[in-house]
Each structure stands twice: as structure tokens, then as C-alpha cells.
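Chemist: Okay, here's the structure, questions in a sec.
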Amino acid sequence: MPPLPDPQVLARVDRLELEARQVVEGHLAGRHRSPRHGFAVEFAQHREYAPGDDIKHIDWKVYGRTERFHLKQYEQETNLVAWLLVDASESMRYGSGARTKYDVACSAAAAMAYLVLQQGDSVGLATVAGGVRGFLRPSGQMNQLREACRVLAADPYPGPAALGRSLDELAGRTGRRGIVFLFSDLLDDVPDILAGVQHLRFHKHEVVVFHVLDAAELLFPFRHTTLFKGLEGLPEVLTDPPAIRDGYLKALNAHLDAIRAGCRGLETDYVRLRTDADLGRELAAYLQSRRGR
């Protein structure tokens, strides 16, 4: 007889599935077009503007060169595959409040899964930590949401994410072109991260990076002598936070700027998710901005 499922794991699966539905139904339903009109479109060609055409499709760069109005035309792609890549490394365990970074990443991934499945497309999932750990092949069935939540209910793994290597491995397993949503704190070398994203882009995937950060990581609110526990093989450090705050924030902002600039150069959307923010509102704001583009 197979072992009975762990009740705590089942409770986490149920909670994730319920939260995904609540986020979508409370914030995202009706806030953007179907993936076939919002996510899965590819530029096909230009044609000259004709009276009555929607001016939002005018290519102003072409106008600047030719002083003539041309519209962008797109090919719609059916049977979209959305891949959810969730960083399950040890640093994702951190949380200064009620939710860890991994909690937020899993909730966001589950919400996007529900959204895509609800609109008739397929979802695949991978958790990564030093390579691919959990893997779920794409499916368009609604029970895929529960399967995704089951994979996400596992605890993060000890050790680093090694995102560059993990993304390289995924690029060879994701098959035909789709859209890849990456949920990670991106605590890795920026060149390695961007090389992994570039590999996905080389395979014609669109990539959206959801950068999950804890409020304390961004604000560094510590005031008294603090023992910082190392994660992913790093040692413990006893320090005076006010003495290092300026240097820490300078290094953090340089890291964030490099990631944002790299994503922009690779035509990759960059979205920050804070652990203390309203997740539904943050996702809705991104989808609205995407629809506007």
C-alpha cells in the first residue's frame, strides 16, 4: 500500500490552489485580454495606415524614418504554452514578515497558472535549485493547477539556485516557443542570470522576470547589532547594521540596476514583487501595462 499523503503538504496544496483562484477572481479576471491576444502575439509585418485603423498600432519609429504612417500587424499563436520557473533555492526561505519569498513566488506562479489555464492554454512548471528539481510537463487541463500546487508545496532545497545553469537546462527541455515566467530573488551573478535568459530568448521564448524580494532586503531596517545567518553555504556574520547600511544599499541598487538593464537589453519584462505588497494588485498592474503595450 502506498504511503498516505502528508496532511501538511495537502494543506499547503489546498491553500495555494485557493489563493490562486482568489487572486485571479479578485484582481485579474477581466483585466486583460486572453493570452492569445495579450501574451501570444508575434510581430509579422507592416502595412500602410488607412482611415479608420486603430492608431495605437502605428509604428512611430517607422514614421520617424519615412514620415509615413505604417501599422504593425501581428500573428496570433494558438495553444500557448506558459512555463513557470520557480526558484526553490535556500535563499528563497527568507521572510521578515508573515510570508517568505518562496511563499510569494509560489502564490504568483499558481495565480498565473490558473489565469492561463482558465483561458484555454497550457502550463508547464519547473522548480530550480542547482538545476531542475521538480518538473511538470505542459497540460491545458484544469487539474494541472492542482498538480502545479503539489510540486510547489515542497520546501526549498538547501544550496544555491545556480540560475544560469538551471535556465540553460530548461531551455533544452521546454520545446517549442512559448512564454516563460521566472520567479526568483535573483541572488546570483548577473552575467550568469542574463546568459540563461538569453538562451531562452535564443529558443524564441518570451521571458518575463518576476523579481521576488523581501521588504527588509530592500530597506535594510536593522538598527542594533545583528547576527546574520548565512544561506547557500555562506557563513554567519555579526555586524553593526548602521555602519554597513549605506554600502549594502549601494551594492544592492547596483545589482538591481544591472538586472533591469540586462532584461531591457534582452527585450525581457522585469517585474518586482515585494513580500509585503498586495500580490493581486501587483500582478494586475503588470498585466494592465502589458495590455497597454
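Labels for the C-alpha cells follow display order: chains A, B, ..., residues from 1 in each chain, ligands from 1.
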Using only C-alpha atoms, which residues sit within 12 Å of A:Gly172 once same-chain residues fewer than 2 positions away are excluded, as a list in words?

Modeler: Val132, Arg165, Ser166, Leu167, Asp168, Glu169, Leu170, Thr174, Gly175, Arg176, Arg177, Gly196, His199, Leu200, Arg201, Phe202, His203, Lys204 and His205 of chain A

Chemist: Write a file of the selected residues as a CSV table (one decimal), in the first residue's frame, keeping C-alpha atoms.

Modeler:
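As written to disk, out.csv reads:
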chain,number,residue,atom,x,y,z
A,132,VAL,CA,15.9,21.4,-12.3
A,165,ARG,CA,22.9,26.6,-15.3
A,166,SER,CA,19.2,26.0,-14.4
A,167,LEU,CA,17.9,28.2,-17.2
A,168,ASP,CA,20.3,26.6,-19.7
A,169,GLU,CA,18.9,23.2,-18.7
A,170,LEU,CA,15.3,24.4,-19.0
A,174,THR,CA,10.8,23.5,-23.0
A,175,GLY,CA,10.2,22.5,-26.6
A,176,ARG,CA,8.6,24.9,-29.0
A,177,ARG,CA,8.3,28.6,-28.5
A,196,GLY,CA,20.4,31.9,-19.1
A,199,HIS,CA,19.5,31.1,-24.0
A,200,LEU,CA,15.7,31.1,-23.6
A,201,ARG,CA,15.3,34.1,-25.9
A,202,PHE,CA,17.5,32.3,-28.5
A,203,HIS,CA,14.9,29.5,-28.5
A,204,LYS,CA,12.3,32.1,-29.3
A,205,HIS,CA,10.7,32.2,-25.9

Chemist: So that I can check the surroundings of stretch 136-144 of chain A, please list as a list in words every protein, DNA and RNA residue that reaches within 9 Å of it, counting only C-alpha atoms and ignoring chain neighbours fewer than 5 positions away.

Modeler: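 Non-adjacent residues within range: Asn79, Val81, Ala82, Trp83, Ala113, Tyr114, Val116, Leu117, Gln118, Gly120, Asp121, Ser122, Val123, Gly124, Leu125, Ala126, Cys149, Val151 and Thr174 of chain A.
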
Chemist: Quick one: write out the picked residues with N, CA and C atoms as a PDB file, in the first residue's frame?

Modeler:
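The new file part02.pdb reads:
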ATOM      1  N   ASN A  79      -2.740  27.715 -28.855  1.00  0.00           N
ATOM      2  CA  ASN A  79      -2.149  26.700 -28.000  1.00  0.00           C
ATOM      3  C   ASN A  79      -0.848  27.188 -27.362  1.00  0.00           C
ATOM      4  N   VAL A  81       1.943  27.794 -24.738  1.00  0.00           N
ATOM      5  CA  VAL A  81       2.499  27.087 -23.591  1.00  0.00           C
ATOM      6  C   VAL A  81       3.191  28.111 -22.698  1.00  0.00           C
ATOM      7  N   ALA A  82       2.725  28.213 -21.468  1.00  0.00           N
ATOM      8  CA  ALA A  82       3.340  29.100 -20.483  1.00  0.00           C
ATOM      9  C   ALA A  82       4.135  28.244 -19.503  1.00  0.00           C
ATOM     10  N   TRP A  83       5.418  28.526 -19.400  1.00  0.00           N
ATOM     11  CA  TRP A  83       6.292  27.809 -18.477  1.00  0.00           C
ATOM     12  C   TRP A  83       6.493  28.644 -17.225  1.00  0.00           C
ATOM     13  N   ALA A 113      -0.721  30.360 -13.380  1.00  0.00           N
ATOM     14  CA  ALA A 113      -1.151  29.076 -13.923  1.00  0.00           C
ATOM     15  C   ALA A 113      -2.665  29.041 -14.080  1.00  0.00           C
ATOM     16  N   TYR A 114      -3.366  29.459 -13.059  1.00  0.00           N
ATOM     17  CA  TYR A 114      -4.829  29.454 -13.099  1.00  0.00           C
ATOM     18  C   TYR A 114      -5.338  30.381 -14.201  1.00  0.00           C
ATOM     19  N   VAL A 116      -3.809  31.331 -17.018  1.00  0.00           N
ATOM     20  CA  VAL A 116      -3.546  30.786 -18.354  1.00  0.00           C
ATOM     21  C   VAL A 116      -4.452  29.588 -18.644  1.00  0.00           C
ATOM     22  N   LEU A 117      -4.612  28.691 -17.674  1.00  0.00           N
ATOM     23  CA  LEU A 117      -5.468  27.525 -17.870  1.00  0.00           C
ATOM     24  C   LEU A 117      -6.916  27.925 -18.081  1.00  0.00           C
ATOM     25  N   GLN A 118      -7.352  28.932 -17.352  1.00  0.00           N
ATOM     26  CA  GLN A 118      -8.736  29.394 -17.454  1.00  0.00           C
ATOM     27  C   GLN A 118      -9.042  29.898 -18.856  1.00  0.00           C
ATOM     28  N   GLY A 120      -7.729  28.645 -21.643  1.00  0.00           N
ATOM     29  CA  GLY A 120      -7.642  27.611 -22.665  1.00  0.00           C
ATOM     30  C   GLY A 120      -6.265  27.255 -23.150  1.00  0.00           C
ATOM     31  N   ASP A 121      -5.213  27.670 -22.441  1.00  0.00           N
ATOM     32  CA  ASP A 121      -3.861  27.349 -22.877  1.00  0.00           C
ATOM     33  C   ASP A 121      -3.177  26.432 -21.875  1.00  0.00           C
ATOM     34  N   SER A 122      -1.933  26.080 -22.159  1.00  0.00           N
ATOM     35  CA  SER A 122      -1.235  25.051 -21.388  1.00  0.00           C
ATOM     36  C   SER A 122      -0.192  25.651 -20.458  1.00  0.00           C
ATOM     37  N   VAL A 123       0.041  24.946 -19.366  1.00  0.00           N
ATOM     38  CA  VAL A 123       1.004  25.378 -18.353  1.00  0.00           C
ATOM     39  C   VAL A 123       1.970  24.232 -18.059  1.00  0.00           C
ATOM     40  N   GLY A 124       3.269  24.548 -18.058  1.00  0.00           N
ATOM     41  CA  GLY A 124       4.297  23.644 -17.574  1.00  0.00           C
ATOM     42  C   GLY A 124       5.005  24.308 -16.404  1.00  0.00           C
ATOM     43  N   LEU A 125       5.685  23.523 -15.578  1.00  0.00           N
ATOM     44  CA  LEU A 125       6.281  24.053 -14.354  1.00  0.00           C
ATOM     45  C   LEU A 125       7.620  23.391 -14.091  1.00  0.00           C
ATOM     46  N   ALA A 126       8.565  24.181 -13.583  1.00  0.00           N
ATOM     47  CA  ALA A 126       9.827  23.625 -13.087  1.00  0.00           C
ATOM     48  C   ALA A 126      10.253  24.408 -11.856  1.00  0.00           C
ATOM     49  N   CYS A 149       0.451  23.044  -7.910  1.00  0.00           N
ATOM     50  CA  CYS A 149       0.490  23.361  -6.479  1.00  0.00           C
ATOM     51  C   CYS A 149       1.159  22.233  -5.686  1.00  0.00           C
ATOM     52  N   VAL A 151       3.615  20.314  -6.734  1.00  0.00           N
ATOM     53  CA  VAL A 151       5.061  20.464  -6.908  1.00  0.00           C
ATOM     54  C   VAL A 151       5.581  21.636  -6.070  1.00  0.00           C
ATOM     55  N   THR A 174      12.135  22.826 -22.858  1.00  0.00           N
ATOM     56  CA  THR A 174      10.837  23.486 -22.959  1.00  0.00           C
ATOM     57  C   THR A 174      10.184  23.352 -24.321  1.00  0.00           C
TER      58      THR A 174
END

Chemist: Show me, as a list in words, the residues that have an atom within 10 Å of A:Leu219 when counting only C-alpha atoms, minus same-chain residues fewer than 2 positions from it.

Modeler: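 Contacts, in chain order: Asp214, Ala215, Ala216, Glu217, Pro221, Phe222, Arg245, Tyr248 and Leu249 of chain A.
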
Chemist: When distances are computed from only C-alpha atoms, which of A:Gly97, A:Pro235, A:Gly280, A:Gly134 shows the smallest separation from A:Leu115?

Modeler: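 Checking each of A:Gly97, A:Pro235, A:Gly280, A:Gly134 against A:Leu115, counting only C-alpha atoms, the winner is A:Gly280.
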
Chemist: Please give the complete set of residues from stretch 46-164 of chain A that DSSP, run on the backbone, assigns to helix (DSSP H, G or I), formatted as a PyMOL selection string.

Modeler: chain A and resi 55-57+60-66+90-93+101-118+143-152+163-164

Chemist: Kindly indicate which residue among A:Ala284, A:Ala148, A:Ile244, A:Ala251 lies nearest to A:Thr226, using only C-alpha atoms for the distances.

Modeler: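 The answer is A:Ile244, which sits nearest to A:Thr226.
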